[in-house]
Amino acid sequence: MWTIKLINIIFPPSCFICKKEGKNLCDDCLPSFKKPVDSPYLYIHSLYSFKDKRVKDIIHAIKYHHRRDLILPLIRGYKFSIPPDSILIPIPMPTLRKYMRGYNQAELIAKEISKEKNVSTRSDILIRFKNKKRQVTTKTRGERIKNQKNSFDLKSSVADMNIILIDDVTTTGATLDEARKVLLKNGARSVNAITLAH
Ligand SMILES: [Zn+2]
C-alpha cells in the first residue's frame with residue numbers, strides 16, 4: 001500500500017477525463033457519463049454506455065494501460081445492489097491473450113465488485129477451451145454468435161449457485177450468453193451478468 005501512497009504524494013491524482021486534481025475520476029465527470037439505453041439480453045446489466053467516448057477511453061486504459069484504479073470509481077458511480085449469496089464469475093480470456101497482456105481485466109473488475117459488495121468471486125470454475133477467431137475480425141452479429149459457440153466449459157460444479165458473470169464490455173451479448181447457457185445446463189440456479197459498459 002505504501003507504494004500507492006508514495007505515488008499519490010509525488011503525483012496527486014487527477015481526473016482521467018478533465019485532468020482536475022483530486023480524484024482519478026472527478027465528481028463532475030463521473031455522474032455525467034451516459035447510461036446504456038438498451039441491453040442485448042434482459043439479464044445483462046451494464047453500468048455505462050460504450051457509445052460515450054469517455055467511457056470507451058477509460059475501458060481502453062483499464063484494458064491496455066494497467067489503470068485498474070479506474071475500476072472502483074466506475075463501480076461506485078453507479079448505484080446497484082447484488083444479492084449476498086451471489087457468486088461472481090469473470091469471463092475468462094483465451095490463455096494466450098491473458099499471457100500477452102499479463103492480466104484479465106474482467107477478473108480485476110470482478111475482484112473490485114467483490115470487495116465493494118461483499119460477495120465472492122470464483123475465477124477457477126469457467127474455462128475457455130478453444131482459441132477461436134478473435135471477435136474483431138468477424139463482421140456480422142450472426143458470425144459473431146457462431147464464432148462463440150461451445151467455447152466455454154466448467155472445471156467444477158455450479159449446482160444451485162446464483163451466478164453473476166462479469167465482463168468489461170458487451171456488444172451483442174454473444175459471449176455472455178454462451179457462458180450463461182453452459183452454466184444453466186450444468187445446474188446453476190440463476191445466471192445474470194454485469195458489464196462496465198454496453
Ligand atoms: Zn473530471
# chains A, B, ... in the order shown; residues from 1 in each chain; ligands from 1
>>> closest_atom_pairs(of="chain A", to="ligand 1", cutoff="8 Å", atoms="only C-alpha atoms and all ligand atoms", output="tab-separated table")
residue	atom	partner	partner_atom_place_in_ligand_line	distance
A:Ser14	CA	ligand 1	1 (Zn)	7.9
A:Cys15	CA	ligand 1	1 (Zn)	4.6
A:Phe16	CA	ligand 1	1 (Zn)	6.6
A:Ile17	CA	ligand 1	1 (Zn)	5.0
A:Cys18	CA	ligand 1	1 (Zn)	4.1
A:Lys19	CA	ligand 1	1 (Zn)	6.1
A:Lys20	CA	ligand 1	1 (Zn)	5.8
A:Asn24	CA	ligand 1	1 (Zn)	7.9
A:Leu25	CA	ligand 1	1 (Zn)	5.6
A:Cys26	CA	ligand 1	1 (Zn)	4.2
A:Asp27	CA	ligand 1	1 (Zn)	6.7
A:Asp28	CA	ligand 1	1 (Zn)	5.6
A:Cys29	CA	ligand 1	1 (Zn)	4.3
A:Leu30	CA	ligand 1	1 (Zn)	7.0
>>> residues_around(residues="Ala61 (chain A)", least_positions_apart="6", cutoff="9 Å", atoms="only C-alpha atoms", output="ChimeraX atom specification")
/A:67-68,70
>>> write_last_selection(atoms="C-alpha atoms", output="PDB file, in the first residue's frame")
ATOM      1  CA  ARG A  67      -5.289   1.602 -14.960  1.00  0.00           C
ATOM      2  CA  ARG A  68      -7.108  -0.718 -12.575  1.00  0.00           C
ATOM      3  CA  LEU A  70     -10.294   3.499 -12.598  1.00  0.00           C
TER       4      LEU A  70
END
>>> closest_residue(among="A:Arg54, A:Gly22, A:Ser39, A:Leu165", to="Glu107 (chain A)", atoms="only C-alpha atoms")
A:Leu165
>>> residues_around(residues="Ser190 (chain A)", least_positions_apart="4", cutoff="8 Å", atoms="only C-alpha atoms", output="list of chain:residue names")
A:Asp160, A:Met161, A:Asn162, A:Ile163, A:Leu184
>>> residues_around(residues="Lys63 (chain A)", least_positions_apart="3", cutoff="10 Å", atoms="only C-alpha atoms", output="list in words")
Asp57, Ile58, Ile59, His60, His66, Arg67, Arg68, Arg101, Tyr103, Asn104, Gln105, Ala106, Leu108 and Asp168 of chain A
>>> closest_residue(among="A:Ser86, A:Thr95, A:His198, A:Lys53", to="Ser120 (chain A)", atoms="only C-alpha atoms")
A:Ser86
